[in-house]
$ cat final-v8.txt   # compact mmCIF, C-alpha atoms and all ligand atoms
# COMPACT_ATOMS: atom_id res chain seq x y z
CA MET M 1 0.00 0.00 0.00
CA LYS M 2 1.32 3.45 -0.91
CA ARG M 3 2.38 5.71 1.93
CA ILE M 4 1.27 9.20 0.97
CA ALA M 5 2.21 12.62 2.27
CA ILE M 6 -0.46 15.27 1.89
CA PHE M 7 0.73 18.87 1.53
CA ALA M 8 -1.70 21.60 2.63
CA SER M 9 -1.54 25.31 3.44
CA GLY M 10 -5.00 26.06 4.80
CA SER M 11 -8.20 24.53 6.08
CA GLY M 12 -7.35 21.03 4.87
CA SER M 13 -10.85 19.92 3.91
CA ASN M 14 -9.34 17.89 1.06
CA PHE M 15 -6.78 16.44 3.47
CA GLN M 16 -9.73 15.35 5.63
CA ALA M 17 -11.61 13.84 2.69
CA ILE M 18 -8.54 11.81 1.71
CA VAL M 19 -7.96 10.61 5.28
CA ASP M 20 -11.64 9.66 5.64
CA ALA M 21 -11.61 7.79 2.33
CA CYS M 22 -8.55 5.81 3.45
CA GLN M 23 -10.24 4.95 6.74
CA GLU M 24 -13.43 3.91 4.95
CA GLY M 25 -11.50 1.66 2.58
CA LEU M 26 -12.41 3.78 -0.47
CA LEU M 27 -8.81 4.79 -1.10
CA ASP M 28 -6.13 2.17 -0.93
CA ALA M 29 -3.35 4.26 0.62
CA GLU M 30 -1.81 5.06 3.99
CA PRO M 31 -2.00 8.78 4.85
CA ALA M 32 1.32 8.81 6.66
CA LEU M 33 2.22 12.50 6.91
CA LEU M 34 0.90 16.05 6.61
CA ILE M 35 3.35 18.68 5.41
CA CYS M 36 2.20 22.23 6.03
CA ASP M 37 3.90 25.53 5.17
CA LYS M 38 1.66 27.57 7.53
CA PRO M 39 2.14 26.72 11.20
CA GLY M 40 -1.33 28.01 12.24
CA ALA M 41 -3.27 26.19 9.51
CA TYR M 42 -6.38 24.25 10.50
CA ALA M 43 -5.10 21.26 8.51
CA ILE M 44 -2.61 20.63 11.34
CA GLU M 45 -5.41 20.31 13.88
CA ARG M 46 -7.18 17.87 11.59
CA ALA M 47 -4.02 15.75 11.35
CA GLU M 48 -3.58 15.73 15.11
CA ARG M 49 -7.18 14.62 15.57
CA ALA M 50 -6.70 11.84 13.01
CA GLY M 51 -3.46 10.71 14.67
CA ILE M 52 -1.39 11.50 11.57
CA PRO M 53 2.07 13.04 12.00
CA ALA M 54 2.11 16.67 10.92
CA VAL M 55 5.19 18.76 10.26
CA ALA M 56 4.84 22.53 9.88
CA PHE M 57 7.52 24.58 8.19
CA VAL M 58 8.11 28.32 7.90
CA PRO M 59 9.69 28.57 4.43
CA ARG M 60 11.05 32.08 4.98
CA GLU M 61 13.23 30.75 7.79
CA TYR M 62 15.32 28.93 5.18
CA PRO M 63 17.97 30.68 3.06
CA ASN M 64 16.35 29.52 -0.20
CA LYS M 65 13.79 27.18 -1.72
CA ALA M 66 16.27 24.31 -2.09
CA ALA M 67 17.12 24.44 1.63
CA TYR M 68 13.41 24.49 2.54
CA GLU M 69 12.63 21.59 0.22
CA ASN M 70 15.61 19.61 1.50
CA ALA M 71 14.16 19.90 5.01
CA VAL M 72 10.79 18.69 3.67
CA LEU M 73 12.49 15.88 1.78
CA GLN M 74 14.19 14.71 4.93
CA GLN M 75 10.78 14.34 6.61
CA LEU M 76 9.44 12.46 3.58
CA GLN M 77 12.34 10.05 3.90
CA VAL M 78 11.90 9.64 7.66
CA HIS M 79 8.25 8.71 7.05
CA ARG M 80 9.08 6.49 4.04
CA ILE M 81 6.74 8.39 1.72
CA ASP M 82 6.05 6.92 -1.73
CA PHE M 83 3.79 9.59 -3.18
CA ILE M 84 2.98 13.29 -2.64
CA VAL M 85 -0.58 14.60 -2.81
CA LEU M 86 -0.96 18.38 -2.93
CA ALA M 87 -4.26 19.50 -1.41
CA GLY M 88 -4.47 23.28 -1.22
CA TYR M 89 -0.68 23.66 -0.97
CA MET M 90 -0.18 27.20 -2.22
CA ARG M 91 3.46 27.00 -3.22
CA LEU M 92 5.29 25.97 -6.40
CA ILE M 93 7.17 22.69 -6.10
CA GLY M 94 10.85 23.23 -6.85
CA PRO M 95 13.53 21.07 -8.49
CA THR M 96 14.59 19.43 -5.19
CA LEU M 97 11.23 17.74 -4.57
CA LEU M 98 10.47 17.31 -8.25
CA SER M 99 13.60 15.32 -8.93
CA ALA M 100 13.19 13.18 -5.78
CA TYR M 101 9.51 12.40 -6.56
CA LYS M 102 9.42 12.59 -10.35
CA GLY M 103 6.03 11.43 -11.64
CA ARG M 104 4.87 10.87 -8.07
CA ILE M 105 3.34 14.26 -7.21
CA VAL M 106 -0.27 15.17 -7.98
CA ASN M 107 -2.25 18.35 -7.42
CA ILE M 108 -5.87 19.42 -7.41
CA HIS M 109 -6.79 22.80 -8.84
CA PRO M 110 -10.22 24.49 -8.68
CA SER M 111 -10.68 25.24 -12.40
CA LEU M 112 -10.72 23.44 -15.72
CA LEU M 113 -7.05 23.87 -16.58
CA PRO M 114 -5.53 25.39 -18.62
CA ALA M 115 -8.12 28.05 -17.72
CA PHE M 116 -7.44 30.10 -14.58
CA PRO M 117 -4.14 28.71 -13.26
CA GLY M 118 -2.45 30.18 -10.18
CA LEU M 119 -4.01 31.97 -7.25
CA ASP M 120 -7.74 32.51 -6.72
CA ALA M 121 -8.99 30.35 -9.58
CA ILE M 122 -12.56 30.68 -8.33
CA GLY M 123 -12.38 34.48 -8.25
CA GLN M 124 -10.80 34.48 -11.71
CA ALA M 125 -13.65 32.33 -13.09
CA LEU M 126 -16.32 34.58 -11.56
CA GLU M 127 -14.56 37.70 -12.78
CA TYR M 128 -14.36 36.31 -16.32
CA GLY M 129 -18.02 35.31 -16.24
CA VAL M 130 -17.64 31.70 -17.39
CA LYS M 131 -20.78 29.56 -17.26
CA VAL M 132 -18.84 26.38 -16.58
CA THR M 133 -15.79 25.93 -14.40
CA GLY M 134 -14.65 22.81 -12.56
CA ILE M 135 -11.77 20.95 -11.01
CA THR M 136 -8.59 19.42 -12.42
CA ILE M 137 -6.35 16.73 -10.99
CA HIS M 138 -2.94 16.68 -12.62
CA PHE M 139 0.63 15.52 -12.27
CA VAL M 140 2.95 18.23 -11.05
CA ASP M 141 5.79 19.53 -13.19
CA GLU M 142 7.98 22.63 -12.87
CA GLY M 143 5.25 24.99 -14.14
CA MET M 144 2.33 26.66 -12.41
CA ASP M 145 -0.58 24.19 -12.77
CA THR M 146 0.80 22.88 -16.08
CA GLY M 147 1.48 19.15 -15.58
CA PRO M 148 -0.29 16.36 -17.50
CA ILE M 149 -3.99 16.20 -16.71
CA ILE M 150 -5.31 13.05 -15.03
CA ALA M 151 -8.99 13.92 -14.58
CA GLN M 152 -11.40 16.85 -14.74
CA VAL M 153 -14.98 17.50 -13.63
CA PRO M 154 -17.03 20.40 -15.00
CA ILE M 155 -19.18 22.43 -12.60
CA GLU M 156 -21.88 24.83 -13.70
CA VAL M 157 -21.71 28.45 -12.56
CA ALA M 158 -25.28 29.51 -11.80
CA ALA M 159 -26.48 33.08 -12.35
CA GLY M 160 -26.66 33.85 -8.63
CA ASP M 161 -23.43 32.12 -7.64
CA THR M 162 -21.15 33.98 -5.23
CA ARG M 163 -17.57 33.15 -4.40
CA GLU M 164 -18.85 31.27 -1.32
CA SER M 165 -21.51 29.25 -3.12
CA LEU M 166 -19.18 28.34 -5.98
CA GLN M 167 -16.41 27.40 -3.57
CA LYS M 168 -18.82 25.09 -1.74
CA LYS M 169 -19.87 23.39 -4.99
CA ILE M 170 -16.21 22.94 -5.92
CA HIS M 171 -15.25 21.60 -2.50
CA ASP M 172 -18.15 19.12 -2.50
CA ILE M 173 -16.97 17.67 -5.82
CA GLU M 174 -13.28 17.75 -4.84
CA HIS M 175 -13.94 15.78 -1.65
CA ILE M 176 -15.50 12.92 -3.61
CA PHE M 177 -13.44 13.06 -6.74
CA TYR M 178 -9.90 13.52 -5.40
CA PRO M 179 -9.88 10.32 -3.27
CA LYS M 180 -11.63 8.42 -6.08
CA THR M 181 -9.08 9.53 -8.69
CA LEU M 182 -6.16 8.74 -6.38
CA HIS M 183 -7.61 5.28 -5.80
CA GLN M 184 -7.82 4.69 -9.55
CA LEU M 185 -4.33 6.06 -10.06
CA PHE M 186 -2.82 3.82 -7.40
CA SER M 187 -4.55 0.76 -8.77
CA ILE M 188 -3.08 1.23 -12.25
CA LYS M 189 0.18 -0.62 -12.62
CA GLY M 190 3.02 1.80 -13.21
CA GLU M 191 0.78 4.83 -12.51
CA LYS M 192 0.75 5.85 -16.15
CA ILE M 193 -2.26 8.07 -16.58
CA THR M 194 -1.41 10.88 -18.95
CA ARG M 195 -3.13 13.04 -21.49
C1 LIG M 201 -9.03 23.54 -2.85
O1 LIG M 201 -10.21 24.02 -3.44
C2 LIG M 201 -7.97 23.30 -3.91
O2 LIG M 201 -8.49 22.94 -5.15
C3 LIG M 201 -7.32 24.65 -3.98
O3 LIG M 201 -7.27 25.11 -2.65
C4 LIG M 201 -8.40 24.61 -1.95
C5 LIG M 201 -7.93 24.08 -0.63
O4 LIG M 201 -9.01 23.79 0.22
N1 LIG M 201 -6.00 24.55 -4.56
C6 LIG M 201 -5.45 25.50 -5.31
O5 LIG M 201 -5.99 26.57 -5.54
C7 LIG M 201 -4.09 25.15 -5.85
N2 LIG M 201 -3.67 26.06 -6.85
P1 LIG M 201 -8.80 22.89 1.50
O6 LIG M 201 -7.60 23.45 2.28
O7 LIG M 201 -10.08 23.04 2.28
O8 LIG M 201 -8.56 21.47 1.04
$ encode --input "final-v8.txt" --output "structure tokens" --more "lines below"
Ligand code: GAR
Amino acid sequence: MKRIAIFASGSGSNFQAIVDACQEGLLDAEPALLICDKPGAYAIERAERAGIPAVAFVPREYPNKAAYENAVLQQLQVHRIDFIVLAGYMRLIGPTLLSAYKGRIVNIHPSLLPAFPGLDAIGQALEYGVKVTGITIHFVDEGMDTGPIIAQVPIEVAAGDTRESLQKKIHDIEHIFYPKTLHQLFSIKGEKITR
């Protein structure tokens, strides 16, 4: 069974959905570690409640990104992590982690990529006035939300939708679809799902 590290920066509702799915037997993986780049994030509390080791980092305390990622990498090695799952981790993955976990890092993004990459994808979609947005699960490469797409789900933007209502719709789908997609990915020999 794959030992996964989940990276989160905020509330960690996707972290929770993944942990729950593992406990319910819907996702064949061991959630072995939470990595967080925001020491006060609610995701850490969730990990503590679930009995999952959590390590919080303050990236600006390191001289550069490589030093920060080396410290993260050390924790991944201590916890014998096979696969990295980004769940609301608001930081670009650098060459240190990318080369150590090549092809073994996935991300979820709240838009139909390549539309609205980067920060505040939901706000960008509302601002643009699209009638359909969605979620994308993709492998991580050196770019900003540019890696090969694994799965997408469209979500309708209703006339009266606010940022809050659209975010809720997106979260509801993410919480079902992310664990499900990870389960499918882990059950495919060689993990070769690409475009
Ligand atoms: C999720 O909606 C995720 O798609 C998004 O952050 C949210 C985290 O929520 N990720 C990105 O925007 C990545 N570019 P959560 O902390 O409650 O799981």
$ residues_around --input "final-v8.txt" --residues "Gln75 (chain M)" --least-positions-apart "6" --cutoff "12 Å" --atoms "only C-alpha atoms" --output "list in words"
Ala5, Ala32, Leu33, Leu34, Ile35, Cys36, Pro53, Ala54, Val55, Ala56, Phe57, Tyr68, Glu69, Ile81 and Leu97 of chain M
$ atom_distance --input "final-v8.txt" --atom1 "CA of Met90 (chain M)" --atom2 "CA of Val140 (chain M)"
13.0 Å
$ closest_atom_pairs --input "final-v8.txt" --of "chain M" --to "ligand LIG 201 (chain M)" --cutoff "9 Å" --atoms "all atoms listed in the file" --output "JSON lines"
{"residue": "M:Ala8", "atom": "CA", "partner": "M:LIG201", "partner_atom": "O6", "distance": 6.2}
{"residue": "M:Ser9", "atom": "CA", "partner": "M:LIG201", "partner_atom": "O6", "distance": 6.4}
{"residue": "M:Gly10", "atom": "CA", "partner": "M:LIG201", "partner_atom": "O6", "distance": 4.5}
{"residue": "M:Ser11", "atom": "CA", "partner": "M:LIG201", "partner_atom": "O6", "distance": 4.0}
{"residue": "M:Gly12", "atom": "CA", "partner": "M:LIG201", "partner_atom": "O6", "distance": 3.6}
{"residue": "M:Ser13", "atom": "CA", "partner": "M:LIG201", "partner_atom": "O7", "distance": 3.6}
{"residue": "M:Asn14", "atom": "CA", "partner": "M:LIG201", "partner_atom": "O8", "distance": 3.7}
{"residue": "M:Phe15", "atom": "CA", "partner": "M:LIG201", "partner_atom": "O8", "distance": 5.9}
{"residue": "M:Gln16", "atom": "CA", "partner": "M:LIG201", "partner_atom": "O8", "distance": 7.7}
{"residue": "M:Ala17", "atom": "CA", "partner": "M:LIG201", "partner_atom": "O8", "distance": 8.4}
{"residue": "M:Ala41", "atom": "CA", "partner": "M:LIG201", "partner_atom": "O6", "distance": 8.9}
{"residue": "M:Tyr42", "atom": "CA", "partner": "M:LIG201", "partner_atom": "O6", "distance": 8.3}
{"residue": "M:Ala43", "atom": "CA", "partner": "M:LIG201", "partner_atom": "O6", "distance": 7.1}
{"residue": "M:Leu86", "atom": "CA", "partner": "M:LIG201", "partner_atom": "C7", "distance": 8.0}
{"residue": "M:Ala87", "atom": "CA", "partner": "M:LIG201", "partner_atom": "O8", "distance": 5.3}
{"residue": "M:Gly88", "atom": "CA", "partner": "M:LIG201", "partner_atom": "C5", "distance": 3.6}
{"residue": "M:Tyr89", "atom": "CA", "partner": "M:LIG201", "partner_atom": "C7", "distance": 6.1}
{"residue": "M:Met90", "atom": "CA", "partner": "M:LIG201", "partner_atom": "C7", "distance": 5.7}
{"residue": "M:Arg91", "atom": "CA", "partner": "M:LIG201", "partner_atom": "N2", "distance": 8.1}
{"residue": "M:Leu92", "atom": "CA", "partner": "M:LIG201", "partner_atom": "N2", "distance": 9.0}
{"residue": "M:Asn107", "atom": "CA", "partner": "M:LIG201", "partner_atom": "C7", "distance": 7.2}
{"residue": "M:Ile108", "atom": "CA", "partner": "M:LIG201", "partner_atom": "O2", "distance": 4.9}
{"residue": "M:His109", "atom": "CA", "partner": "M:LIG201", "partner_atom": "O2", "distance": 4.1}
{"residue": "M:Pro110", "atom": "CA", "partner": "M:LIG201", "partner_atom": "O2", "distance": 4.2}
{"residue": "M:Ser111", "atom": "CA", "partner": "M:LIG201", "partner_atom": "O2", "distance": 7.9}
{"residue": "M:Pro117", "atom": "CA", "partner": "M:LIG201", "partner_atom": "N2", "distance": 7.0}
{"residue": "M:Gly118", "atom": "CA", "partner": "M:LIG201", "partner_atom": "N2", "distance": 5.4}
{"residue": "M:Leu119", "atom": "CA", "partner": "M:LIG201", "partner_atom": "N2", "distance": 5.9}
{"residue": "M:Asp120", "atom": "CA", "partner": "M:LIG201", "partner_atom": "O5", "distance": 6.3}
{"residue": "M:Ala121", "atom": "CA", "partner": "M:LIG201", "partner_atom": "O5", "distance": 6.3}
{"residue": "M:Ile122", "atom": "CA", "partner": "M:LIG201", "partner_atom": "O5", "distance": 8.2}
{"residue": "M:Ile135", "atom": "CA", "partner": "M:LIG201", "partner_atom": "O2", "distance": 7.0}
{"residue": "M:Thr136", "atom": "CA", "partner": "M:LIG201", "partner_atom": "O2", "distance": 8.1}
{"residue": "M:Ile137", "atom": "CA", "partner": "M:LIG201", "partner_atom": "O2", "distance": 8.8}
{"residue": "M:Met144", "atom": "CA", "partner": "M:LIG201", "partner_atom": "N2", "distance": 8.2}
{"residue": "M:Asp145", "atom": "CA", "partner": "M:LIG201", "partner_atom": "N2", "distance": 6.9}
{"residue": "M:Gln167", "atom": "CA", "partner": "M:LIG201", "partner_atom": "O1", "distance": 7.1}
{"residue": "M:Lys168", "atom": "CA", "partner": "M:LIG201", "partner_atom": "O1", "distance": 8.8}
{"residue": "M:Ile170", "atom": "CA", "partner": "M:LIG201", "partner_atom": "O1", "distance": 6.6}
{"residue": "M:His171", "atom": "CA", "partner": "M:LIG201", "partner_atom": "O1", "distance": 5.7}
{"residue": "M:Glu174", "atom": "CA", "partner": "M:LIG201", "partner_atom": "O2", "distance": 7.1}
{"residue": "M:His175", "atom": "CA", "partner": "M:LIG201", "partner_atom": "O8", "distance": 8.3}
$ residues_around --input "final-v8.txt" --residues "Thr181 (chain M)" --least-positions-apart "4" --cutoff "8 Å" --atoms "only C-alpha atoms" --output "PDB file with C-alpha atoms, in the coordinates of the input"
ATOM      1  CA  ALA M 151      -8.990  13.920 -14.580  1.00  0.00           C
ATOM      2  CA  PHE M 177     -13.440  13.060  -6.740  1.00  0.00           C
ATOM      3  CA  LEU M 185      -4.330   6.060 -10.060  1.00  0.00           C
TER       4      LEU M 185
END
$ atom_distance --input "final-v8.txt" --atom1 "CA of Thr133 (chain M)" --atom2 "CA of Val157 (chain M)"
6.7 Å
$ build_atoms --input "final-v8.txt" --residues "region 43-54 of chain M" --atoms "N, CA, C and O atoms" --output "PDB file, in the frame of the given file"
ATOM      1  N   ALA M  43      -5.452  22.613   8.964  1.00  0.00           N
ATOM      2  CA  ALA M  43      -5.100  21.260   8.510  1.00  0.00           C
ATOM      3  C   ALA M  43      -4.282  20.524   9.583  1.00  0.00           C
ATOM      4  O   ALA M  43      -4.424  19.310   9.751  1.00  0.00           O
ATOM      5  N   ILE M  44      -3.466  21.255  10.324  1.00  0.00           N
ATOM      6  CA  ILE M  44      -2.610  20.630  11.340  1.00  0.00           C
ATOM      7  C   ILE M  44      -3.471  20.036  12.473  1.00  0.00           C
ATOM      8  O   ILE M  44      -3.235  18.914  12.932  1.00  0.00           O
ATOM      9  N   GLU M  45      -4.491  20.802  12.851  1.00  0.00           N
ATOM     10  CA  GLU M  45      -5.410  20.310  13.880  1.00  0.00           C
ATOM     11  C   GLU M  45      -6.117  19.037  13.401  1.00  0.00           C
ATOM     12  O   GLU M  45      -6.300  18.090  14.154  1.00  0.00           O
ATOM     13  N   ARG M  46      -6.504  19.053  12.142  1.00  0.00           N
ATOM     14  CA  ARG M  46      -7.180  17.870  11.590  1.00  0.00           C
ATOM     15  C   ARG M  46      -6.259  16.659  11.657  1.00  0.00           C
ATOM     16  O   ARG M  46      -6.695  15.551  11.987  1.00  0.00           O
ATOM     17  N   ALA M  47      -4.973  16.864  11.329  1.00  0.00           N
ATOM     18  CA  ALA M  47      -4.020  15.750  11.350  1.00  0.00           C
ATOM     19  C   ALA M  47      -3.862  15.224  12.770  1.00  0.00           C
ATOM     20  O   ALA M  47      -3.862  14.007  12.998  1.00  0.00           O
ATOM     21  N   GLU M  48      -3.749  16.148  13.711  1.00  0.00           N
ATOM     22  CA  GLU M  48      -3.580  15.730  15.110  1.00  0.00           C
ATOM     23  C   GLU M  48      -4.771  14.897  15.555  1.00  0.00           C
ATOM     24  O   GLU M  48      -4.626  13.857  16.186  1.00  0.00           O
ATOM     25  N   ARG M  49      -5.964  15.351  15.183  1.00  0.00           N
ATOM     26  CA  ARG M  49      -7.180  14.620  15.570  1.00  0.00           C
ATOM     27  C   ARG M  49      -7.221  13.230  14.932  1.00  0.00           C
ATOM     28  O   ARG M  49      -7.737  12.285  15.532  1.00  0.00           O
ATOM     29  N   ALA M  50      -6.680  13.132  13.719  1.00  0.00           N
ATOM     30  CA  ALA M  50      -6.700  11.840  13.010  1.00  0.00           C
ATOM     31  C   ALA M  50      -5.509  10.970  13.402  1.00  0.00           C
ATOM     32  O   ALA M  50      -5.376   9.840  12.921  1.00  0.00           O
ATOM     33  N   GLY M  51      -4.620  11.491  14.252  1.00  0.00           N
ATOM     34  CA  GLY M  51      -3.460  10.710  14.670  1.00  0.00           C
ATOM     35  C   GLY M  51      -2.419  10.559  13.568  1.00  0.00           C
ATOM     36  O   GLY M  51      -1.684   9.574  13.516  1.00  0.00           O
ATOM     37  N   ILE M  52      -2.360  11.545  12.679  1.00  0.00           N
ATOM     38  CA  ILE M  52      -1.390  11.500  11.570  1.00  0.00           C
ATOM     39  C   ILE M  52      -0.279  12.499  11.853  1.00  0.00           C
ATOM     40  O   ILE M  52      -0.564  13.659  12.183  1.00  0.00           O
ATOM     41  N   PRO M  53       0.980  12.096  11.757  1.00  0.00           N
ATOM     42  CA  PRO M  53       2.070  13.040  12.000  1.00  0.00           C
ATOM     43  C   PRO M  53       1.963  14.260  11.098  1.00  0.00           C
ATOM     44  O   PRO M  53       1.673  14.132   9.900  1.00  0.00           O
ATOM     45  N   ALA M  54       2.171  15.428  11.696  1.00  0.00           N
ATOM     46  CA  ALA M  54       2.110  16.670  10.920  1.00  0.00           C
ATOM     47  C   ALA M  54       3.400  17.435  11.166  1.00  0.00           C
ATOM     48  O   ALA M  54       3.855  17.548  12.309  1.00  0.00           O
TER      49      ALA M  54
END
